[in-house]
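As provided, protein_17.cif (mmCIF, C-alpha atoms and all ligand atoms) reads as follows.
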data_my_file
#
loop_
_atom_site.group_PDB
_atom_site.id
_atom_site.type_symbol
_atom_site.label_atom_id
_atom_site.label_comp_id
_atom_site.auth_asym_id
_atom_site.auth_seq_id
_atom_site.Cartn_x
_atom_site.Cartn_y
_atom_site.Cartn_z
ATOM 1 C CA MET A 1 -35.338 -4.864 -13.201
ATOM 2 C CA SER A 2 -38.360 -2.653 -12.514
ATOM 3 C CA ASP A 3 -38.219 0.363 -10.193
ATOM 4 C CA ALA A 4 -40.152 -1.642 -7.602
ATOM 5 C CA ASP A 5 -37.632 -4.513 -7.798
ATOM 6 C CA ALA A 6 -34.739 -2.074 -7.379
ATOM 7 C CA GLU A 7 -36.481 -0.569 -4.350
ATOM 8 C CA THR A 8 -36.939 -4.033 -2.791
ATOM 9 C CA THR A 9 -33.257 -4.826 -3.454
ATOM 10 C CA PHE A 10 -32.218 -1.588 -1.760
ATOM 11 C CA ARG A 11 -34.421 -2.377 1.254
ATOM 12 C CA SER A 12 -32.896 -5.811 1.713
ATOM 13 C CA LEU A 13 -29.360 -4.397 1.334
ATOM 14 C CA ARG A 14 -30.052 -1.602 3.810
ATOM 15 C CA TRP A 15 -31.768 -3.752 6.463
ATOM 16 C CA PRO A 16 -30.415 -7.300 5.999
ATOM 17 C CA GLU A 17 -31.152 -8.294 9.627
ATOM 18 C CA THR A 18 -34.898 -7.625 9.299
ATOM 19 C CA LYS A 19 -35.104 -8.879 5.682
ATOM 20 C CA GLY A 20 -35.890 -5.402 4.367
ATOM 21 C CA GLU A 21 -38.300 -4.271 7.101
ATOM 22 C CA PRO A 22 -37.482 -0.676 8.130
ATOM 23 C CA VAL A 23 -35.387 0.125 11.208
ATOM 24 C CA CYS A 24 -35.451 3.739 12.424
ATOM 25 C CA PRO A 25 -31.957 5.226 11.918
ATOM 26 C CA ARG A 26 -32.455 7.545 14.910
ATOM 27 C CA CYS A 27 -33.820 5.306 17.665
ATOM 28 C CA GLY A 28 -33.571 1.785 16.216
ATOM 29 C CA CYS A 29 -37.327 1.238 16.560
ATOM 30 C CA LEU A 30 -38.680 -1.600 14.400
ATOM 31 C CA ASP A 31 -42.206 -0.228 14.081
ATOM 32 C CA ALA A 32 -42.948 2.320 11.380
ATOM 33 C CA TYR A 33 -45.839 3.638 9.295
ATOM 34 C CA GLN A 34 -45.277 3.380 5.585
ATOM 35 C CA THR A 35 -46.373 6.082 3.148
ATOM 36 C CA ARG A 36 -45.645 7.012 -0.407
ATOM 37 C CA ARG A 37 -45.195 10.619 -1.468
ATOM 38 C CA PRO A 38 -46.972 11.817 -4.642
ATOM 39 C CA THR A 39 -43.564 11.631 -6.360
ATOM 40 C CA GLY A 40 -43.498 7.894 -5.650
ATOM 41 C CA LEU A 41 -40.854 8.217 -2.925
ATOM 42 C CA LEU A 42 -41.297 5.606 -0.205
ATOM 43 C CA MET A 43 -41.166 7.134 3.289
ATOM 44 C CA PHE A 44 -41.469 5.728 6.791
ATOM 45 C CA ARG A 45 -42.548 7.372 10.032
ATOM 46 C CA CYS A 46 -41.092 5.859 13.183
ATOM 47 C CA LYS A 47 -43.741 4.965 15.774
ATOM 48 C CA GLY A 48 -41.151 5.457 18.534
ATOM 49 C CA CYS A 49 -39.691 8.897 17.835
ATOM 50 C CA ASN A 50 -42.218 10.097 15.226
ATOM 51 C CA LYS A 51 -39.520 11.107 12.730
ATOM 52 C CA ASN A 52 -39.671 10.503 8.979
ATOM 53 C CA PHE A 53 -37.004 8.554 7.164
ATOM 54 C CA SER A 54 -36.381 7.030 3.756
ATOM 55 C CA ILE A 55 -34.532 3.882 2.667
ATOM 56 C CA THR A 56 -31.286 5.771 2.146
ATOM 57 C CA ALA A 57 -31.563 8.154 5.143
ATOM 58 C CA GLY A 58 -28.296 8.378 7.064
ATOM 59 C CA THR A 59 -26.341 6.370 4.476
ATOM 60 C CA MET A 60 -23.823 7.232 1.791
ATOM 61 C CA PHE A 61 -26.669 7.489 -0.745
ATOM 62 C CA ALA A 62 -28.664 9.965 1.386
ATOM 63 C CA SER A 63 -30.184 12.960 -0.474
ATOM 64 C CA ARG A 64 -29.969 10.917 -3.625
ATOM 65 C CA LYS A 65 -30.843 12.522 -6.952
ATOM 66 C CA MET A 66 -31.024 9.420 -9.133
ATOM 67 C CA THR A 67 -33.337 6.411 -9.093
ATOM 68 C CA PHE A 68 -32.491 3.190 -7.253
ATOM 69 C CA LYS A 69 -32.046 1.502 -10.609
ATOM 70 C CA MET A 70 -29.388 4.006 -11.605
ATOM 71 C CA TYR A 71 -27.432 3.460 -8.391
ATOM 72 C CA LEU A 72 -27.504 -0.313 -8.830
ATOM 73 C CA LEU A 73 -26.413 0.115 -12.440
ATOM 74 C CA ALA A 74 -23.548 2.395 -11.360
ATOM 75 C CA VAL A 75 -22.339 -0.165 -8.799
ATOM 76 C CA VAL A 76 -22.499 -2.995 -11.347
ATOM 77 C CA ILE A 77 -20.584 -0.991 -13.972
ATOM 78 C CA PHE A 78 -18.003 -0.042 -11.334
ATOM 79 C CA CYS A 79 -17.558 -3.724 -10.367
ATOM 80 C CA ASN A 80 -17.363 -5.100 -13.866
ATOM 81 C CA GLU A 81 -14.132 -3.225 -14.515
ATOM 82 C CA VAL A 82 -10.959 -4.969 -13.430
ATOM 83 C CA LYS A 83 -8.473 -2.127 -13.093
ATOM 84 C CA GLY A 84 -10.760 0.813 -12.454
ATOM 85 C CA LYS A 85 -13.566 2.683 -14.157
ATOM 86 C CA SER A 86 -12.873 6.006 -15.791
ATOM 87 C CA MET A 87 -15.341 8.478 -14.304
ATOM 88 C CA LEU A 88 -15.892 10.090 -17.693
ATOM 89 C CA ALA A 89 -16.850 6.696 -19.135
ATOM 90 C CA LEU A 90 -19.133 6.091 -16.143
ATOM 91 C CA SER A 91 -20.898 9.398 -16.796
ATOM 92 C CA ARG A 92 -21.462 8.359 -20.415
ATOM 93 C CA ASP A 93 -22.749 4.909 -19.418
ATOM 94 C CA LEU A 94 -25.210 6.412 -16.940
ATOM 95 C CA GLY A 95 -26.115 9.455 -19.004
ATOM 96 C CA VAL A 96 -25.250 11.866 -16.182
ATOM 97 C CA GLN A 97 -22.834 14.762 -15.841
ATOM 98 C CA TYR A 98 -19.152 14.062 -15.250
ATOM 99 C CA ARG A 99 -19.215 15.559 -11.755
ATOM 100 C CA THR A 100 -22.154 13.326 -10.775
ATOM 101 C CA ALA A 101 -20.191 10.254 -11.859
ATOM 102 C CA PHE A 102 -17.061 11.624 -10.142
ATOM 103 C CA VAL A 103 -18.813 12.064 -6.799
ATOM 104 C CA LEU A 104 -20.619 8.725 -7.055
ATOM 105 C CA ALA A 105 -17.434 6.775 -7.894
ATOM 106 C CA HIS A 106 -15.605 8.408 -4.986
ATOM 107 C CA LYS A 107 -18.441 7.504 -2.645
ATOM 108 C CA LEU A 108 -18.138 3.886 -3.765
ATOM 109 C CA ARG A 109 -14.376 4.062 -3.119
ATOM 110 C CA GLU A 110 -15.058 5.444 0.326
ATOM 111 C CA ALA A 111 -17.444 2.536 0.960
ATOM 112 C CA LEU A 112 -14.744 0.034 -0.066
ATOM 113 C CA GLY A 113 -12.173 1.817 2.052
ATOM 114 C CA SER A 114 -14.387 1.469 5.120
ATOM 115 C CA GLU A 115 -13.616 -2.267 5.076
ATOM 116 C CA MET A 116 -9.949 -1.410 5.661
ATOM 117 C CA LYS A 117 -10.516 1.005 8.536
ATOM 118 C CA GLY A 118 -8.393 -0.167 11.465
ATOM 119 C CA MET A 119 -7.827 -3.502 9.696
ATOM 120 C CA GLU A 120 -4.883 -5.476 11.088
ATOM 121 C CA ILE A 121 -3.194 -8.073 8.953
ATOM 122 C CA GLY A 122 -0.639 -10.848 9.385
ATOM 123 C CA GLY A 123 -0.190 -13.064 12.416
ATOM 124 C CA ALA A 124 1.583 -16.269 13.401
ATOM 125 C CA GLY A 125 2.549 -18.318 10.343
ATOM 126 C CA VAL A 126 1.452 -15.606 7.897
ATOM 127 C CA VAL A 127 3.935 -14.470 5.270
ATOM 128 C CA ALA A 128 3.473 -10.939 3.963
ATOM 129 C CA GLU A 129 5.313 -8.679 1.554
ATOM 130 C CA THR A 130 5.808 -4.949 1.742
ATOM 131 C CA ASP A 131 6.803 -2.538 -0.992
ATOM 132 C CA GLY A 132 6.138 0.986 -2.249
ATOM 133 C CA ALA A 133 5.253 2.511 -5.620
ATOM 134 C CA TYR A 134 5.410 6.215 -6.478
ATOM 135 C CA PHE A 135 2.528 8.139 -8.032
ATOM 136 C CA GLY A 136 2.106 11.711 -9.199
ATOM 137 C CA GLY A 137 4.384 14.729 -9.477
ATOM 138 C CA HIS A 138 5.359 14.032 -13.064
ATOM 139 C CA VAL A 139 7.837 16.571 -14.442
ATOM 140 C CA ARG A 140 7.679 16.939 -18.181
ATOM 141 C CA PRO A 141 11.105 17.236 -19.803
ATOM 142 C CA ALA A 142 11.695 20.588 -21.470
ATOM 143 C CA ASN A 143 11.493 20.786 -25.245
ATOM 144 C CA LYS A 144 15.090 21.821 -25.887
ATOM 145 C CA LYS A 145 17.927 19.716 -24.597
ATOM 146 C CA GLU A 146 19.758 22.668 -23.019
ATOM 147 C CA ASN A 147 16.697 23.433 -20.849
ATOM 148 C CA ARG A 148 16.264 19.898 -19.542
ATOM 149 C CA ARG A 149 17.118 19.248 -15.929
ATOM 150 C CA ASP A 150 17.933 16.128 -13.959
ATOM 151 C CA ARG A 151 14.474 15.013 -12.817
ATOM 152 C CA ARG A 152 15.931 12.651 -10.209
ATOM 153 C CA LEU A 153 17.113 15.578 -8.087
ATOM 154 C CA ARG A 154 14.823 16.779 -5.341
ATOM 155 C CA GLN A 155 15.090 20.483 -6.326
ATOM 156 C CA ASN A 156 13.838 19.624 -9.827
ATOM 157 C CA GLN A 157 10.764 17.747 -8.611
ATOM 158 C CA THR A 158 7.347 19.212 -7.856
ATOM 159 C CA GLY A 159 6.996 17.874 -4.316
ATOM 160 C CA LYS A 160 3.660 16.287 -5.241
ATOM 161 C CA ARG A 161 5.072 12.792 -5.608
ATOM 162 C CA LYS A 162 3.735 10.331 -3.064
ATOM 163 C CA VAL A 163 4.341 6.696 -2.383
ATOM 164 C CA VAL A 164 1.682 4.037 -1.946
ATOM 165 C CA VAL A 165 3.029 1.481 0.513
ATOM 166 C CA ILE A 166 1.259 -1.840 0.722
ATOM 167 C CA VAL A 167 1.599 -4.858 2.973
ATOM 168 C CA ARG A 168 0.182 -7.903 1.233
ATOM 169 C CA GLU A 169 -0.317 -11.310 2.807
ATOM 170 C CA ARG A 170 0.588 -14.105 0.405
ATOM 171 C CA GLY A 171 -2.784 -15.478 -0.616
ATOM 172 C CA GLY A 172 -4.571 -13.059 1.699
ATOM 173 C CA LYS A 173 -5.516 -9.462 2.358
ATOM 174 C CA THR A 174 -3.743 -6.271 1.308
ATOM 175 C CA LEU A 175 -3.368 -3.103 3.353
ATOM 176 C CA PRO A 176 -2.509 0.170 1.557
ATOM 177 C CA GLY A 177 -1.240 3.480 2.927
ATOM 178 C CA VAL A 178 -0.042 6.745 1.336
ATOM 179 C CA PHE A 179 3.103 8.517 2.527
ATOM 180 C CA LYS A 180 5.663 11.095 1.470
ATOM 181 C CA THR A 181 8.483 8.528 1.645
ATOM 182 C CA GLU A 182 8.748 4.779 2.257
ATOM 183 C CA ALA A 183 10.549 5.406 5.562
ATOM 184 C CA GLN A 184 7.482 7.271 6.887
ATOM 185 C CA ALA A 185 5.427 4.089 6.477
ATOM 186 C CA ILE A 186 7.336 2.209 9.205
ATOM 187 C CA GLY A 187 5.086 3.433 12.034
ATOM 188 C CA PHE A 188 1.957 2.504 10.049
ATOM 189 C CA ILE A 189 3.309 -1.006 9.338
ATOM 190 C CA LYS A 190 4.278 -1.571 12.976
ATOM 191 C CA GLN A 191 0.811 -0.485 14.073
ATOM 192 C CA ARG A 192 -1.251 -2.528 11.602
ATOM 193 C CA VAL A 193 0.840 -5.651 10.930
ATOM 194 C CA LYS A 194 0.950 -8.221 13.721
ATOM 195 C CA ARG A 195 4.338 -8.902 15.315
ATOM 196 C CA GLU A 196 4.501 -12.636 14.482
ATOM 197 C CA THR A 197 4.196 -11.958 10.732
ATOM 198 C CA ILE A 198 7.124 -12.963 8.519
ATOM 199 C CA LEU A 199 7.840 -10.054 6.178
ATOM 200 C CA HIS A 200 9.570 -9.862 2.832
ATOM 201 C CA ALA A 201 10.971 -6.569 1.531
ATOM 202 C CA ASP A 202 13.406 -5.325 -1.097
ATOM 203 C CA GLU A 203 16.894 -3.927 -0.521
ATOM 204 C CA ALA A 204 15.825 -0.291 0.058
ATOM 205 C CA SER A 205 17.306 1.025 3.294
ATOM 206 C CA SER A 206 13.903 2.444 4.299
ATOM 207 C CA TRP A 207 12.845 -1.059 5.391
ATOM 208 C CA ASP A 208 15.855 -1.586 7.725
ATOM 209 C CA ALA A 209 13.819 -0.333 10.690
ATOM 210 C CA LEU A 210 11.408 -3.278 10.300
ATOM 211 C CA HIS A 211 14.066 -5.712 11.570
ATOM 212 C CA THR A 212 13.621 -4.426 15.133
ATOM 213 C CA ARG A 213 10.112 -5.859 15.262
ATOM 214 C CA TYR A 214 9.684 -8.526 12.589
ATOM 215 C CA GLN A 215 11.495 -11.432 11.034
ATOM 216 C CA VAL A 216 12.298 -9.859 7.649
ATOM 217 C CA HIS A 217 13.662 -11.523 4.516
ATOM 218 C CA ARG A 218 15.261 -9.183 2.003
ATOM 219 C CA ILE A 219 15.589 -9.515 -1.735
ATOM 220 C CA ASN A 220 18.109 -7.428 -3.651
ATOM 221 C CA HIS A 221 16.440 -6.492 -6.910
ATOM 222 C CA GLN A 222 19.790 -5.468 -8.380
ATOM 223 C CA GLU A 223 20.701 -9.154 -8.363
ATOM 224 C CA ALA A 224 17.404 -11.020 -8.763
ATOM 225 C CA TYR A 225 13.654 -10.465 -8.565
ATOM 226 C CA SER A 226 13.044 -13.736 -6.787
ATOM 227 C CA THR A 227 15.167 -16.222 -4.871
ATOM 228 C CA PRO A 228 14.039 -19.327 -2.940
ATOM 229 C CA GLU A 229 14.476 -17.268 0.266
ATOM 230 C CA SER A 230 12.651 -14.122 -0.678
ATOM 231 C CA CYS A 231 10.607 -12.160 -3.199
ATOM 232 C CA THR A 232 8.075 -9.330 -3.249
ATOM 233 C CA ASN A 233 6.185 -10.520 -6.301
ATOM 234 C CA TRP A 234 2.770 -10.526 -4.592
ATOM 235 C CA ALA A 235 3.225 -6.858 -3.797
ATOM 236 C CA GLU A 236 4.517 -6.129 -7.310
ATOM 237 C CA SER A 237 1.482 -7.764 -8.861
ATOM 238 C CA ALA A 238 -0.830 -5.519 -6.817
ATOM 239 C CA PHE A 239 1.161 -2.515 -8.066
ATOM 240 C CA SER A 240 0.806 -3.791 -11.605
ATOM 241 C CA ARG A 241 -2.987 -3.428 -11.325
ATOM 242 C CA MET A 242 -2.564 0.048 -9.827
ATOM 243 C CA ARG A 243 -0.233 1.207 -12.593
ATOM 244 C CA ARG A 244 -2.587 -0.062 -15.292
ATOM 245 C CA GLY A 245 -5.518 1.634 -13.580
ATOM 246 C CA GLU A 246 -3.558 4.882 -13.528
ATOM 247 C CA LEU A 247 -2.307 4.729 -17.105
ATOM 248 C CA GLY A 248 -5.374 3.158 -18.671
ATOM 249 C CA HIS A 249 -8.329 4.647 -16.835
ATOM 250 C CA HIS A 250 -7.723 7.507 -14.447
ATOM 251 C CA HIS A 251 -4.515 9.203 -15.707
ATOM 252 C CA HIS A 252 -4.522 11.549 -12.718
ATOM 253 C CA VAL A 253 -4.644 9.872 -9.329
ATOM 254 C CA ALA A 254 -2.162 11.901 -7.280
ATOM 255 C CA GLY A 255 -3.198 14.421 -4.668
ATOM 256 C CA PRO A 256 -5.834 14.133 -1.968
ATOM 257 C CA TYR A 257 -7.613 11.099 -3.453
ATOM 258 C CA LEU A 258 -4.600 8.827 -3.940
ATOM 259 C CA LEU A 259 -5.438 6.776 -0.845
ATOM 260 C CA ARG A 260 -8.986 6.214 -2.125
ATOM 261 C CA PHE A 261 -7.673 4.959 -5.458
ATOM 262 C CA ALA A 262 -5.140 2.737 -3.661
ATOM 263 C CA GLN A 263 -7.943 1.272 -1.539
ATOM 264 C CA GLU A 264 -10.044 0.632 -4.631
ATOM 265 C CA TRP A 265 -7.200 -1.151 -6.417
ATOM 266 C CA THR A 266 -6.230 -3.335 -3.479
ATOM 267 C CA TRP A 267 -9.900 -4.206 -2.948
ATOM 268 C CA ARG A 268 -10.191 -5.223 -6.590
ATOM 269 C CA GLU A 269 -6.995 -7.256 -6.295
ATOM 270 C CA ASP A 270 -8.110 -9.060 -3.130
ATOM 271 C CA ASN A 271 -11.607 -9.771 -4.495
ATOM 272 C CA ARG A 272 -10.546 -10.716 -8.017
ATOM 273 C CA ARG A 273 -11.872 -14.258 -7.572
ATOM 274 C CA VAL A 274 -15.234 -13.113 -6.170
ATOM 275 C CA SER A 275 -18.032 -13.115 -8.767
ATOM 276 C CA ASN A 276 -19.042 -9.694 -10.061
ATOM 277 C CA GLY A 277 -22.578 -10.173 -8.718
ATOM 278 C CA ASP A 278 -21.284 -10.741 -5.194
ATOM 279 C CA GLN A 279 -18.897 -7.806 -5.543
ATOM 280 C CA ALA A 280 -21.765 -5.516 -6.549
ATOM 281 C CA LYS A 281 -23.923 -6.656 -3.630
ATOM 282 C CA ARG A 282 -21.078 -6.083 -1.177
ATOM 283 C CA ILE A 283 -20.258 -2.598 -2.443
ATOM 284 C CA ALA A 284 -23.924 -1.536 -2.398
ATOM 285 C CA ALA A 285 -24.352 -2.979 1.099
ATOM 286 C CA LEU A 286 -21.196 -1.178 2.300
ATOM 287 C CA ALA A 287 -22.444 2.130 0.878
ATOM 288 C CA LEU A 288 -25.750 1.640 2.699
ATOM 289 C CA ALA A 289 -24.034 0.647 5.945
ATOM 290 C CA ASN A 290 -21.863 3.774 5.965
ATOM 291 C CA LYS A 291 -22.779 7.282 7.063
ATOM 292 C CA PRO A 292 -22.965 10.089 4.448
ATOM 293 C CA SER A 293 -19.570 10.830 2.948
ATOM 294 C CA VAL A 294 -17.631 13.569 4.734
ATOM 295 C CA ASP A 295 -15.669 14.487 1.623
ATOM 296 C CA PHE A 296 -18.412 14.294 -0.964
ATOM 297 C CA THR A 297 -21.797 15.180 0.549
ATOM 298 C CA GLY A 298 -22.908 18.328 -1.261
ATOM 299 C CA TYR A 299 -19.584 18.375 -3.104
ATOM 300 C CA THR A 300 -20.926 19.908 -6.297
ATOM 301 C CA GLN A 301 -22.905 22.584 -4.433
ATOM 302 C CA ARG A 302 -19.895 23.842 -2.543
ATOM 303 C CA HIS A 303 -18.195 27.108 -3.441
ATOM 304 C CA LYS A 304 -14.542 26.909 -4.210
ATOM 305 C CA SER A 305 -12.745 28.287 -1.158
HETATM 306 ZN ZN ZN G 401 -37.284 6.365 15.687
#

Taking this structure as input, can you express it in the form of structure tokens?
Ligand SMILES: [Zn+2]
Amino acid sequence: MSDADAETTFRSLRWPETKGEPVCPRCGCLDAYQTRRPTGLLMFRCKGCNKNFSITAGTMFASRKMTFKMYLLAVVIFCNEVKGKSMLALSRDLGVQYRTAFVLAHKLREALGSEMKGMEIGGAGVVAETDGAYFGGHVRPANKKENRRDRRLRQNQTGKRKVVVIVRERGGKTLPGVFKTEAQAIGFIKQRVKRETILHADEASSWDALHTRYQVHRINHQEAYSTPESCTNWAESAFSRMRRGELGHHHHVAGPYLLRFAQEWTWREDNRRVSNGDQAKRIAALALANKPSVDFTGYTQRHKS
């Protein structure tokens, strides 16, 4: 792809309704002068409000430092992975610094996550499964046996451990959330999962509160992983992808970005049958349909507070 082709692709992804013709991000005017800066940068000047704007103005790729080709390449590399893309490997593939790849990958995750904003799942006749998986807060056992402590006890943990709770429709969409405990997810589930949904959950007492609102089938994993009445295998298979992404690619996912990783993994799981070309187009279009990232705009220029 030439630079001009990449630019045309970006235009059509940014303004799909007008087939790539510019729309002023400030006033929505469809009429604009087109100029090219000496650097080659394509700029528009709105005939309505007289303000300048570029193809990426007001989007997640605003104030971009790399070429359009590089962004498209980054999105394609990100999509081609099945369980996640290590940000160090991404930086090597693109030939950029680690922090550049880190910020870019997180912006792509934020773009994916925007699809799940306020998303409600379930409904009449829909069967969904809910379960939780713990991430982070690993306590390394001490070298000598006499110094080792029982890591199952709360006082011997770091307090950084968090649980990713998902509700997954069988054959449908997945909704992730991050909480301190499974019990804290009840409010989130009641808010985002429609009342008529038939839920399946394991024997953990944290899910007891769901019976007040939903028809819930329980499976006791001490006895069996699946019975004709109930199983949570759809949820477990989503967690399998998460665990492999954690162990194989990212290693460290706990902390403030755990929800972003969880959104990335569930998105990958739900879109696993979508071709990688269509995945790449959707992610790029989402990034261009979203406002600049709150968490990552100017991230590398910020002073550590
Ligand atoms: Zn305007």

**Prompt:** What does the PyMOL selection byres (((chain A and resi 158-172) around 7) and not hetatm) select in this file, as number ranges by chain?
**Reply:** A: 122, 126-137, 156-157, 173-182, 185, 234-235

Would you write out, as a Markdown table, a table of all residues in chain A that have an atom no more than 10 Å from an atom of ligand ZN 401 (chain G), listing for each the closest atom pair and the distance in Å to one decimal, considering all atoms listed in the file and ordering rows by chain and rising residue number?
| residue | atom | partner | partner_atom | distance |
| --- | --- | --- | --- | --- |
| A:Val23 | CA | G:ZN401 | ZN | 7.9 |
| A:Cys24 | CA | G:ZN401 | ZN | 4.6 |
| A:Pro25 | CA | G:ZN401 | ZN | 6.6 |
| A:Arg26 | CA | G:ZN401 | ZN | 5.0 |
| A:Cys27 | CA | G:ZN401 | ZN | 4.1 |
| A:Gly28 | CA | G:ZN401 | ZN | 5.9 |
| A:Cys29 | CA | G:ZN401 | ZN | 5.2 |
| A:Leu30 | CA | G:ZN401 | ZN | 8.2 |
| A:Asp31 | CA | G:ZN401 | ZN | 8.4 |
| A:Ala32 | CA | G:ZN401 | ZN | 8.2 |
| A:Phe44 | CA | G:ZN401 | ZN | 9.9 |
| A:Arg45 | CA | G:ZN401 | ZN | 7.8 |
| A:Cys46 | CA | G:ZN401 | ZN | 4.6 |
| A:Lys47 | CA | G:ZN401 | ZN | 6.6 |
| A:Gly48 | CA | G:ZN401 | ZN | 4.9 |
| A:Cys49 | CA | G:ZN401 | ZN | 4.1 |
| A:Asn50 | CA | G:ZN401 | ZN | 6.2 |
| A:Lys51 | CA | G:ZN401 | ZN | 6.0 |
| A:Asn52 | CA | G:ZN401 | ZN | 8.2 |
| A:Phe53 | CA | G:ZN401 | ZN | 8.8 |

**Prompt:** A:Lys65, A:Arg148, A:Arg11, A:Arg218: which is nearest His200 of chain A, counting only C-alpha atoms?
**Reply:**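 Of A:Lys65, A:Arg148, A:Arg11, A:Arg218, the one nearest His200 of chain A is A:Arg218, counting only C-alpha atoms.
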
**Prompt:** What is the distance, in Å and to one decimal place, between atom CA of Arg243 of chain A and atom CA of Arg109 of chain A?
**Reply:**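 Taking atom CA of Arg243 of chain A and atom CA of Arg109 of chain A, their separation equals 17.3 Å.
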
**Prompt:** Care to translate the PyMOL selection byres (((chain A and resi 297) around 10) and not hetatm) into actual residues of this file, as a PyMOL selection string?
**Reply:** chain A and resi 60-63+103+107+292-296+298-302

**Prompt:** Could you work out how far atom CA of His251 of chain A lies from atom CA of Asn143 of chain A, giving the answer in Å with one decimal?
**Reply:**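 Answer for the atom CA of Asn143 of chain A to atom CA of His251 of chain A separation: 21.9 Å.
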
**Asked** So what does the PyMOL selection byres (((chain A and resi 215) around 6) and not hetatm) actually pick up in this one, as a ChimeraX atom specification?
**Response** /A:198,214,216

How would the residues just picked look written out with C-alpha atoms as a PDB file, in the frame of the given file?
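Printed below is part.pdb as written:
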ATOM      1  CA  ILE A 198       7.124 -12.963   8.519  1.00  0.00           C
ATOM      2  CA  TYR A 214       9.684  -8.526  12.589  1.00  0.00           C
ATOM      3  CA  VAL A 216      12.298  -9.859   7.649  1.00  0.00           C
TER       4      VAL A 216
END

**Message:** What does the structure give for the distance between atom CA of Leu199 of chain A and atom CA of His217 of chain A, in Å to one decimal?
**Reply:**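 Computed distance, atom CA of Leu199 of chain A to atom CA of His217 of chain A, equals 6.2 Å.
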
**Prompt:** Could you pull the residues within 10 Å of Leu42 of chain A, counting all atoms listed in the file, minus those fewer than 2 positions along the same chain, as an NGL selection string?
**Reply:** :A and (7 or 34-40 or 44 or 53-55)

**Message:** Which polymer residues, whether protein, DNA or RNA, lie within 10 Å of the coordinate (16.8, -18.8, 0.6) when you count only C-alpha atoms? List them as a list in words, using the chain letters and numbers from the file.
**Reply:** His217, Arg218, Ile219, Ser226, Thr227, Pro228, Glu229, Ser230 and Cys231 of chain A

**Item:** Proximity to Leu286 of chain A - best of A:Thr266, A:Thr59, A:Thr232, A:Gln222, only C-alpha atoms
**Value:**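 Distance minimum relative to Leu286 of chain A lands on A:Thr59.
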
**Request:** Would you kindly return, as a list in words, each protein, DNA or RNA residue with an atom no farther than 7 Å from any atom of Ala280 of chain A, considering all atoms listed in the file and excluding same-chain residues fewer than 6 positions away?
**Result:**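 So, after excluding close chain neighbours, the residues are Val75, Val76 and Cys79 of chain A.
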
**Item:** Among the residues A:Thr56, A:Glu81, A:Arg149, A:Ser275, the one that comes closest to Ser12 of chain A [using all atoms listed in the file]
**Value:**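 Once distances to Ser12 of chain A are computed over all atoms listed in the file, the minimum belongs to A:Thr56.
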
**Message:** So, with all atoms listed in the file as the atoms that count, which of A:His221, A:Arg64, A:Arg213, A:Arg140 lies closest to Ala201 of chain A?
**Reply:**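 Looking only at the distances to Ala201 of chain A, the closest residue turns out to be A:His221.
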
**Request:** Would you kindly identify which residues have an atom no farther than 6 Å from (-34.3, 1.2, -9.8), using all atoms listed in the file and the file's own coordinates, and write them out as a ChimeraX atom specification?
**Result:** /A:3,6,67-70

Would you output that residue set with C-alpha atoms, as an mmCIF file, in the frame of the given file?
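again_15.cif, written as the output of this step:
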data_model
loop_
_atom_site.group_PDB
_atom_site.id
_atom_site.type_symbol
_atom_site.label_atom_id
_atom_site.label_comp_id
_atom_site.auth_asym_id
_atom_site.auth_seq_id
_atom_site.Cartn_x
_atom_site.Cartn_y
_atom_site.Cartn_z
ATOM 1 C CA ASP A 3 -38.219 0.363 -10.193
ATOM 2 C CA ALA A 6 -34.739 -2.074 -7.379
ATOM 3 C CA THR A 67 -33.337 6.411 -9.093
ATOM 4 C CA PHE A 68 -32.491 3.190 -7.253
ATOM 5 C CA LYS A 69 -32.046 1.502 -10.609
ATOM 6 C CA MET A 70 -29.388 4.006 -11.605
#

**Request:** Compare A:Pro22, A:Arg151, A:Thr197, A:Met87 by their minimum atom-to-atom distance to His138 of chain A, counting only C-alpha atoms, and give me the closest one.
**Result:** A:Arg151
